[in-house]
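Quick look at run.cif (mmCIF, C-alpha atoms and all ligand atoms):
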```
data_target
#
loop_
_atom_site.label_atom_id
_atom_site.label_comp_id
_atom_site.auth_asym_id
_atom_site.auth_seq_id
_atom_site.Cartn_x
_atom_site.Cartn_y
_atom_site.Cartn_z
CA MET A 253 -23.59 14.81 4.52
CA ALA A 254 -25.65 17.67 3.03
CA SER A 255 -23.84 20.57 4.75
CA PHE A 256 -20.38 19.01 4.56
CA ARG A 257 -17.82 19.65 1.86
CA ILE A 258 -14.78 17.50 1.08
CA ARG A 259 -11.90 19.59 -0.23
CA GLN A 260 -8.12 19.68 -0.38
CA TYR A 261 -6.12 20.92 2.60
CA GLN A 262 -5.39 24.66 2.63
CA ASP A 263 -2.81 26.61 4.64
CA GLN A 264 -5.42 27.95 7.05
CA ASP A 265 -6.25 24.35 8.13
CA PHE A 266 -2.79 23.86 9.71
CA GLU A 267 -3.71 24.26 13.40
CA ALA A 268 -7.10 22.57 13.00
CA VAL A 269 -5.74 19.37 11.43
CA ARG A 270 -2.93 19.09 13.97
CA ALA A 271 -5.37 19.50 16.87
CA LEU A 272 -7.87 17.08 15.30
CA PHE A 273 -5.19 14.44 14.80
CA ALA A 274 -3.75 14.83 18.31
CA ARG A 275 -7.18 14.59 19.97
CA GLY A 276 -8.13 11.54 17.90
CA ILE A 277 -5.03 9.66 19.05
CA MET A 278 -4.88 10.80 22.68
CA GLU A 279 -8.48 9.72 23.29
CA HIS A 280 -7.27 6.11 22.98
CA ALA A 281 -4.99 6.32 26.03
CA PRO A 282 -7.70 5.08 28.48
CA ALA A 283 -8.52 2.14 26.17
CA GLY A 284 -4.78 1.39 25.91
CA PHE A 285 -4.54 1.37 29.72
CA ARG A 286 -7.53 -0.98 30.07
CA HIS A 287 -6.16 -3.19 27.33
CA ALA A 288 -2.77 -3.43 29.07
CA LEU A 289 -4.52 -4.34 32.33
CA ARG A 290 -6.12 -7.34 30.64
CA ALA A 291 -2.73 -8.75 29.57
CA ALA A 292 -1.61 -11.78 31.60
CA ARG A 293 1.97 -10.51 31.81
CA VAL A 294 0.86 -7.16 33.22
CA ARG A 295 -1.34 -8.85 35.83
CA LEU A 296 1.53 -11.12 36.81
CA ALA A 297 3.83 -8.10 37.11
CA LEU A 298 1.30 -6.35 39.39
CA LEU A 299 1.04 -9.48 41.53
CA ALA A 300 4.85 -9.66 41.74
CA VAL A 301 4.96 -6.00 42.82
CA PHE A 302 2.42 -6.71 45.54
CA VAL A 303 4.18 -9.84 46.81
CA ALA A 304 7.62 -8.17 46.79
CA ALA A 305 6.43 -4.97 48.51
CA ARG A 306 4.39 -6.94 51.06
CA ALA A 307 7.38 -9.16 51.86
CA ALA A 308 9.86 -6.26 52.02
CA ALA A 309 7.68 -3.95 54.13
CA GLY A 310 5.76 -6.61 56.02
CA SER A 311 2.55 -4.66 55.48
CA TRP A 312 -0.56 -5.32 53.37
CA VAL A 313 -1.20 -1.60 53.12
CA LEU A 314 2.27 -0.91 51.69
CA GLY A 315 1.83 -3.87 49.33
CA LEU A 316 -1.41 -2.35 48.02
CA GLY A 317 0.23 1.09 47.88
CA ALA A 318 2.98 -0.33 45.67
CA VAL A 319 0.34 -1.79 43.34
CA ALA A 320 -1.40 1.61 43.19
CA LEU A 321 1.91 3.21 42.24
CA ALA A 322 2.48 0.56 39.58
CA LEU A 323 -0.99 1.31 38.16
CA VAL A 324 -0.14 5.00 37.96
CA LEU A 325 3.07 4.09 36.13
CA LEU A 326 1.10 1.88 33.76
CA TRP A 327 -1.29 4.76 33.00
CA VAL A 328 1.66 7.09 32.35
CA LEU A 329 3.19 4.53 29.98
CA ALA A 330 -0.10 3.93 28.12
CA ARG A 331 -0.44 7.67 27.66
CA ALA A 332 3.20 7.93 26.57
CA VAL A 333 2.61 5.44 23.72
CA CYS A 334 -0.13 7.73 22.33
CA ALA A 335 1.80 10.93 23.06
CA ASP A 336 4.95 9.64 21.32
CA TYR A 337 2.94 8.76 18.24
CA VAL A 338 1.34 12.22 18.18
CA ARG A 339 4.69 13.96 18.74
CA GLU A 340 6.27 12.02 15.89
CA ALA A 341 3.46 12.88 13.45
CA LEU A 342 3.28 16.56 14.45
CA GLY A 343 7.05 16.86 14.07
CA THR A 344 7.18 15.27 10.61
CA ASP A 345 4.40 15.09 8.00
CA LEU A 346 1.88 17.21 9.92
CA CYS A 347 4.53 19.90 10.34
CA ASP A 348 4.69 20.38 6.57
CA VAL A 349 1.44 19.20 4.99
CA PRO A 350 2.01 20.88 1.59
CA GLY A 351 5.55 19.48 1.34
CA THR A 352 4.44 15.99 2.35
CA TYR A 353 0.98 15.63 0.85
CA LEU A 354 0.26 18.34 -1.72
CA ARG A 355 3.38 18.79 -3.85
CA PRO A 356 4.70 15.21 -4.30
CA PRO A 357 2.99 13.17 -7.03
CA ASP A 358 0.09 10.89 -6.07
CA CYS A 359 -0.21 12.40 -2.58
CA ARG A 360 -3.35 14.03 -1.22
CA PHE A 361 -4.69 15.55 1.98
CA TRP A 362 -8.46 15.96 2.20
CA VAL A 363 -10.43 17.71 4.88
CA VAL A 364 -14.17 17.77 5.45
CA GLU A 365 -15.38 21.30 6.10
CA GLU A 366 -18.61 22.11 7.89
CA ALA A 367 -19.65 25.72 8.50
CA GLY A 368 -16.05 26.89 8.16
CA THR A 369 -14.58 24.33 10.56
CA VAL A 370 -12.49 21.24 9.82
CA ALA A 371 -14.66 18.27 10.84
CA ALA A 372 -12.51 15.43 9.49
CA MET A 373 -9.28 14.66 7.66
CA VAL A 374 -7.42 11.95 5.80
CA ALA A 375 -4.22 11.71 3.75
CA ALA A 376 -2.82 9.40 1.08
CA VAL A 377 0.77 8.69 0.03
CA PRO A 378 2.35 6.10 -2.27
CA ALA A 379 3.73 3.19 -0.24
CA GLY A 380 5.70 1.38 -2.98
CA ARG A 381 4.85 -1.93 -4.72
CA GLY A 382 1.82 -0.35 -6.40
CA GLU A 383 0.19 0.44 -3.04
CA LEU A 384 -1.24 3.69 -1.75
CA GLU A 385 -1.27 4.28 2.01
CA LEU A 386 -4.25 5.85 3.76
CA LYS A 387 -3.07 7.90 6.75
CA ARG A 388 -4.15 10.36 9.43
CA MET A 389 -7.87 9.54 9.35
CA SER A 390 -9.66 11.47 12.08
CA VAL A 391 -13.15 12.84 12.64
CA SER A 392 -13.92 15.35 15.38
CA ARG A 393 -16.08 13.93 18.16
CA GLU A 394 -19.04 16.21 17.45
CA HIS A 395 -19.16 15.11 13.80
CA ARG A 396 -18.90 11.37 14.30
CA GLY A 397 -21.52 8.87 13.24
CA HIS A 398 -22.55 10.85 10.15
CA GLY A 399 -20.58 8.87 7.59
CA LEU A 400 -17.68 11.34 7.25
CA ALA A 401 -14.97 8.70 7.71
CA ARG A 402 -16.75 6.38 5.26
CA ALA A 403 -16.91 9.23 2.71
CA LEU A 404 -13.18 10.00 3.17
CA CYS A 405 -12.31 6.33 2.88
CA ARG A 406 -14.21 6.14 -0.43
CA GLU A 407 -12.40 9.27 -1.60
CA VAL A 408 -9.03 7.59 -0.99
CA LEU A 409 -10.13 4.34 -2.68
CA ALA A 410 -11.45 6.24 -5.73
CA PHE A 411 -8.23 8.26 -5.93
CA ALA A 412 -6.14 5.06 -5.74
CA ARG A 413 -8.20 3.42 -8.52
CA ALA A 414 -8.00 6.52 -10.72
CA ARG A 415 -4.21 6.59 -10.31
CA GLY A 416 -3.82 2.89 -11.14
CA TYR A 417 -2.87 1.58 -7.69
CA GLY A 418 -3.46 -2.11 -7.04
CA ALA A 419 -4.20 -1.76 -3.32
CA VAL A 420 -4.71 0.68 -0.47
CA VAL A 421 -2.92 -0.17 2.77
CA LEU A 422 -3.09 1.31 6.27
CA SER A 423 -2.19 0.67 9.86
CA THR A 424 -4.19 1.14 13.02
CA SER A 425 -3.99 -0.19 16.56
CA MET A 426 -5.93 -2.85 18.42
CA VAL A 427 -7.62 -0.28 20.66
CA GLN A 428 -9.01 1.70 17.71
CA VAL A 429 -12.08 -0.46 17.40
CA ALA A 430 -14.25 2.05 15.51
CA ALA A 431 -11.49 2.42 12.92
CA GLN A 432 -11.22 -1.36 12.52
CA ARG A 433 -14.98 -1.63 11.88
CA LEU A 434 -14.82 1.31 9.48
CA TYR A 435 -12.06 -0.20 7.36
CA GLU A 436 -13.51 -3.72 7.39
CA GLY A 437 -16.82 -2.24 6.20
CA GLN A 438 -15.01 -0.60 3.28
CA GLY A 439 -13.44 -3.85 2.03
CA PHE A 440 -10.13 -3.82 3.93
CA ARG A 441 -8.86 -7.08 5.42
CA LYS A 442 -6.34 -7.55 8.20
CA VAL A 443 -3.03 -8.76 6.78
CA GLY A 444 -0.64 -8.53 9.73
CA THR A 445 0.13 -7.40 13.25
CA SER A 446 3.23 -6.18 15.05
CA TYR A 447 4.52 -4.68 18.28
CA PRO A 448 6.27 -1.45 17.21
CA SER A 449 8.44 -1.10 20.33
CA LEU A 450 9.52 -2.85 23.50
CA LEU A 451 7.17 -0.64 25.49
CA CYS A 452 4.28 -1.69 23.23
CA THR A 453 5.26 -5.33 23.66
CA SER A 454 5.20 -5.04 27.44
CA LEU A 455 1.82 -3.26 27.33
CA ASN A 456 0.47 -5.79 24.78
CA PHE A 457 -0.21 -2.85 22.42
CA GLN A 458 -0.38 -4.29 18.91
CA MET A 459 -0.47 -2.50 15.57
CA LEU A 460 -2.79 -3.96 12.93
CA TYR A 461 -2.13 -3.76 9.19
CA TYR A 462 -4.98 -3.64 6.68
CA ARG A 463 -5.13 -3.92 2.91
CA CYS A 464 -7.86 -3.36 0.32
CA ASP A 465 -7.08 -4.95 -3.05
CA LEU A 466 -8.42 -2.94 -5.95
CA GLY A 467 -7.53 -5.23 -8.83
CA GLY A 468 -6.20 -4.10 -12.16
CA GLY A 469 -3.47 -1.79 -10.83
CA ASN A 470 -0.84 -0.62 -13.32
CA LYS A 471 1.77 1.03 -11.07
C1 LIG A 501 -12.81 5.93 13.50
C2 LIG A 501 -13.42 7.25 13.09
C3 LIG A 501 -12.56 7.90 12.01
C4 LIG A 501 -14.85 6.99 12.53
O1 LIG A 501 -15.39 8.22 12.08
P1 LIG A 501 -16.97 8.44 11.81
O2 LIG A 501 -17.12 9.59 10.87
O3 LIG A 501 -17.70 8.52 13.08
O4 LIG A 501 -17.36 7.08 11.07
P2 LIG A 501 -18.61 6.89 10.09
O5 LIG A 501 -19.80 7.62 10.64
O6 LIG A 501 -18.20 7.20 8.69
O7 LIG A 501 -18.90 5.32 10.25
C5 LIG A 501 -18.39 4.38 9.32
C6 LIG A 501 -18.27 3.03 9.99
O8 LIG A 501 -17.26 3.08 11.01
C7 LIG A 501 -17.61 2.18 12.06
N1 LIG A 501 -17.77 2.94 13.29
C8 LIG A 501 -17.84 4.28 13.44
N2 LIG A 501 -17.94 4.60 14.74
C9 LIG A 501 -17.96 3.42 15.42
C10 LIG A 501 -18.02 3.09 16.79
N3 LIG A 501 -18.11 4.03 17.75
N4 LIG A 501 -17.98 1.77 17.14
C11 LIG A 501 -17.87 0.81 16.20
N5 LIG A 501 -17.80 1.08 14.87
C12 LIG A 501 -17.85 2.36 14.50
C13 LIG A 501 -18.92 1.53 11.66
O9 LIG A 501 -18.61 0.34 10.94
C14 LIG A 501 -19.50 2.56 10.71
O10 LIG A 501 -20.39 1.99 9.78
P3 LIG A 501 -21.98 1.87 10.14
O11 LIG A 501 -22.43 3.27 10.42
O12 LIG A 501 -22.56 1.29 8.91
O13 LIG A 501 -22.05 0.98 11.35
C15 LIG A 501 -13.58 8.21 14.32
O14 LIG A 501 -14.19 7.50 15.37
C16 LIG A 501 -12.26 8.81 14.82
O15 LIG A 501 -11.79 9.82 14.30
N6 LIG A 501 -11.66 8.19 15.83
C17 LIG A 501 -10.42 8.71 16.45
C18 LIG A 501 -9.22 8.71 15.51
C19 LIG A 501 -8.99 7.33 14.94
O16 LIG A 501 -9.04 6.31 15.61
N7 LIG A 501 -8.68 7.34 13.64
C20 LIG A 501 -8.34 6.13 12.90
C21 LIG A 501 -6.88 6.14 12.63
S1 LIG A 501 -6.37 4.59 11.94
#
```
The structure in this file should be written as structure tokens.
Amino acid sequence: MASFRIRQYQDQDFEAVRALFARGIMEHAPAGFRHALRAARVRLALLAVFVAARAAAGSWVLGLGAVALALVLLWVLARAVCADYVREALGTDLCDVPGTYLRPPDCRFWVVEEAGTVAAMVAAVPAGRGELELKRMSVSREHRGHGLARALCREVLAFARARGYGAVVLSTSMVQVAAQRLYEGQGFRKVGTSYPSLLCTSLNFQMLYYRCDLGGGNK
């Protein structure tokens, strides 16, 4: 951590944080695709496509071709789940970081700077009921494995304690395995799961909800 500096977001970070966030989410598309392929309902659907195409065309080759097409569609859908999430974030809070995270009370947006570049980022916003939400955690690939995410996580937890919050909450997805290990190592526990859309349900793409109780909150 010696050459890294954690500081508040500044206007010149705009493009860097948007790109860092987008890359961090889009890299999960292949894992989402593989995860969907492991779901029993997806395998059954692929089998049904094969049987129907084979019966309709009377050809094994066309049956296999239909399965190949279905796999391409599955890949497009898995990518679309990630792309939709990125589009939504870039069009809302990450379109106006000062308005969302710097000016409102009890909000923050930290970046980790290394040699003038943004290496990592995280945000915090009040989530109601005395909880602070940790959001937009991302570390650039070339800076991973050096404890940057752990340091940012601690920054958010310390901020929440200092402001009298009783808990820090966050959401992640089942394919973000490194993030799950990170949060569990920092004292978060899984408190719920959900499928955020019909598409996610069909791809077996679950969101996971985590919570870290701080004790002694006064919000
Ligand atoms: C998840 C992420 C933020 C971790 O960043 P990082 O700076 O490399 O993490 P750290 O070096 O601080 O590691 C902290 C802990 O995270 C976990 N972790 C990090 N990388 C991991 C990996 N590849 N596999 C499993 N666990 C991993 C470990 O528990 C690690 O603790 P340890 O070193 O004692 O084992 C980073 O991989 C990332 O930006 N991923 C893409 C975006 C993303 O998924 N963000 C989370 C949004 S909810």
From A:Met373, A:Gln438, A:Val421, A:Ala341, residue lying nearest Leu460 in chain A [only C-alpha atoms]: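 Going through A:Met373, A:Gln438, A:Val421, A:Ala341 one by one, the smallest distance to Leu460 in chain A is for A:Val421.
Straight-line separation from CA of Arg406 in chain A to CA of Thr445 in chain A: 24.0 Å.
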To check your reading of the model: which residues sit at most 6 Å from ligand LIG 501 (chain A) when counting all atoms listed in the file? Write the answer as a PDB file with C-alpha atoms, keeping the file's coordinate frame.
```pdb
ATOM      1  CA  GLY A 276      -8.130  11.540  17.900  1.00  0.00           C
ATOM      2  CA  ILE A 277      -5.030   9.660  19.050  1.00  0.00           C
ATOM      3  CA  ARG A 388      -4.150  10.360   9.430  1.00  0.00           C
ATOM      4  CA  MET A 389      -7.870   9.540   9.350  1.00  0.00           C
ATOM      5  CA  SER A 390      -9.660  11.470  12.080  1.00  0.00           C
ATOM      6  CA  VAL A 391     -13.150  12.840  12.640  1.00  0.00           C
ATOM      7  CA  ARG A 396     -18.900  11.370  14.300  1.00  0.00           C
ATOM      8  CA  GLY A 397     -21.520   8.870  13.240  1.00  0.00           C
ATOM      9  CA  HIS A 398     -22.550  10.850  10.150  1.00  0.00           C
ATOM     10  CA  GLY A 399     -20.580   8.870   7.590  1.00  0.00           C
ATOM     11  CA  LEU A 400     -17.680  11.340   7.250  1.00  0.00           C
ATOM     12  CA  ALA A 401     -14.970   8.700   7.710  1.00  0.00           C
ATOM     13  CA  ARG A 402     -16.750   6.380   5.260  1.00  0.00           C
ATOM     14  CA  THR A 424      -4.190   1.140  13.020  1.00  0.00           C
ATOM     15  CA  GLN A 428      -9.010   1.700  17.710  1.00  0.00           C
ATOM     16  CA  ALA A 430     -14.250   2.050  15.510  1.00  0.00           C
ATOM     17  CA  ALA A 431     -11.490   2.420  12.920  1.00  0.00           C
ATOM     18  CA  ARG A 433     -14.980  -1.630  11.880  1.00  0.00           C
ATOM     19  CA  LEU A 434     -14.820   1.310   9.480  1.00  0.00           C
ATOM     20  CA  GLY A 437     -16.820  -2.240   6.200  1.00  0.00           C
TER      21      GLY A 437
END
```
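With all atoms listed in the file as the atoms that count, the residue of A:Phe273, A:Arg290, A:Val374, A:Ser255 with the shortest distance to Ser454 in chain A is A:Arg290.
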How many Å separate CA of Cys359 in chain A from CA of Lys471 in chain A?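 Separating CA of Cys359 in chain A from CA of Lys471 in chain A is a distance of 14.3 Å.
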In Å, how far is it from CA of Glu394 in chain A to CA of Arg275 in chain A?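 Atom-to-atom, CA of Glu394 in chain A and CA of Arg275 in chain A are spaced 12.2 Å apart.
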Set the distance at 12 Å and use all atoms listed in the file: which residues neighbour Val429 in chain A once local chain neighbours fewer than 5 positions away are removed? I'd like the list as a short mmCIF file (atom, residue, chain, number, x, y, z; two decimals) with C-alpha atoms, keeping the file's coordinate frame.
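Printed below is selection16.cif as written:
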```cif
data_model
loop_
_atom_site.label_atom_id
_atom_site.label_comp_id
_atom_site.auth_asym_id
_atom_site.auth_seq_id
_atom_site.Cartn_x
_atom_site.Cartn_y
_atom_site.Cartn_z
CA HIS A 280 -7.27 6.11 22.98
CA ALA A 283 -8.52 2.14 26.17
CA GLY A 284 -4.78 1.39 25.91
CA HIS A 287 -6.16 -3.19 27.33
CA THR A 424 -4.19 1.14 13.02
CA LEU A 434 -14.82 1.31 9.48
CA TYR A 435 -12.06 -0.20 7.36
CA GLU A 436 -13.51 -3.72 7.39
CA MET A 459 -0.47 -2.50 15.57
CA LEU A 460 -2.79 -3.96 12.93
#
```
Protein/DNA/RNA residues near (-3.3, -4.7, 11.5), cut 9 Å, all atoms listed in the file, as a PyMOL selection string: chain A and resi 422-426+432+441-446+458-463
Box along x, y and z, 4 Å on every side, all listed atoms of range 309-324 of chain A inside: centre and edge lengths in Å to one decimal, as lines of an AutoDock Vina configuration file.
```
center_x = 3.1
center_y = -0.8
center_z = 47.0
size_x = 17.1
size_y = 19.6
size_z = 26.1
```
Considering only C-alpha atoms, can you say which of A:Ile258, A:Val313, A:Leu346, A:Val319 comes closest to Ala300 in chain A?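 Using only C-alpha atoms, the shortest distance to Ala300 in chain A belongs to A:Val319.
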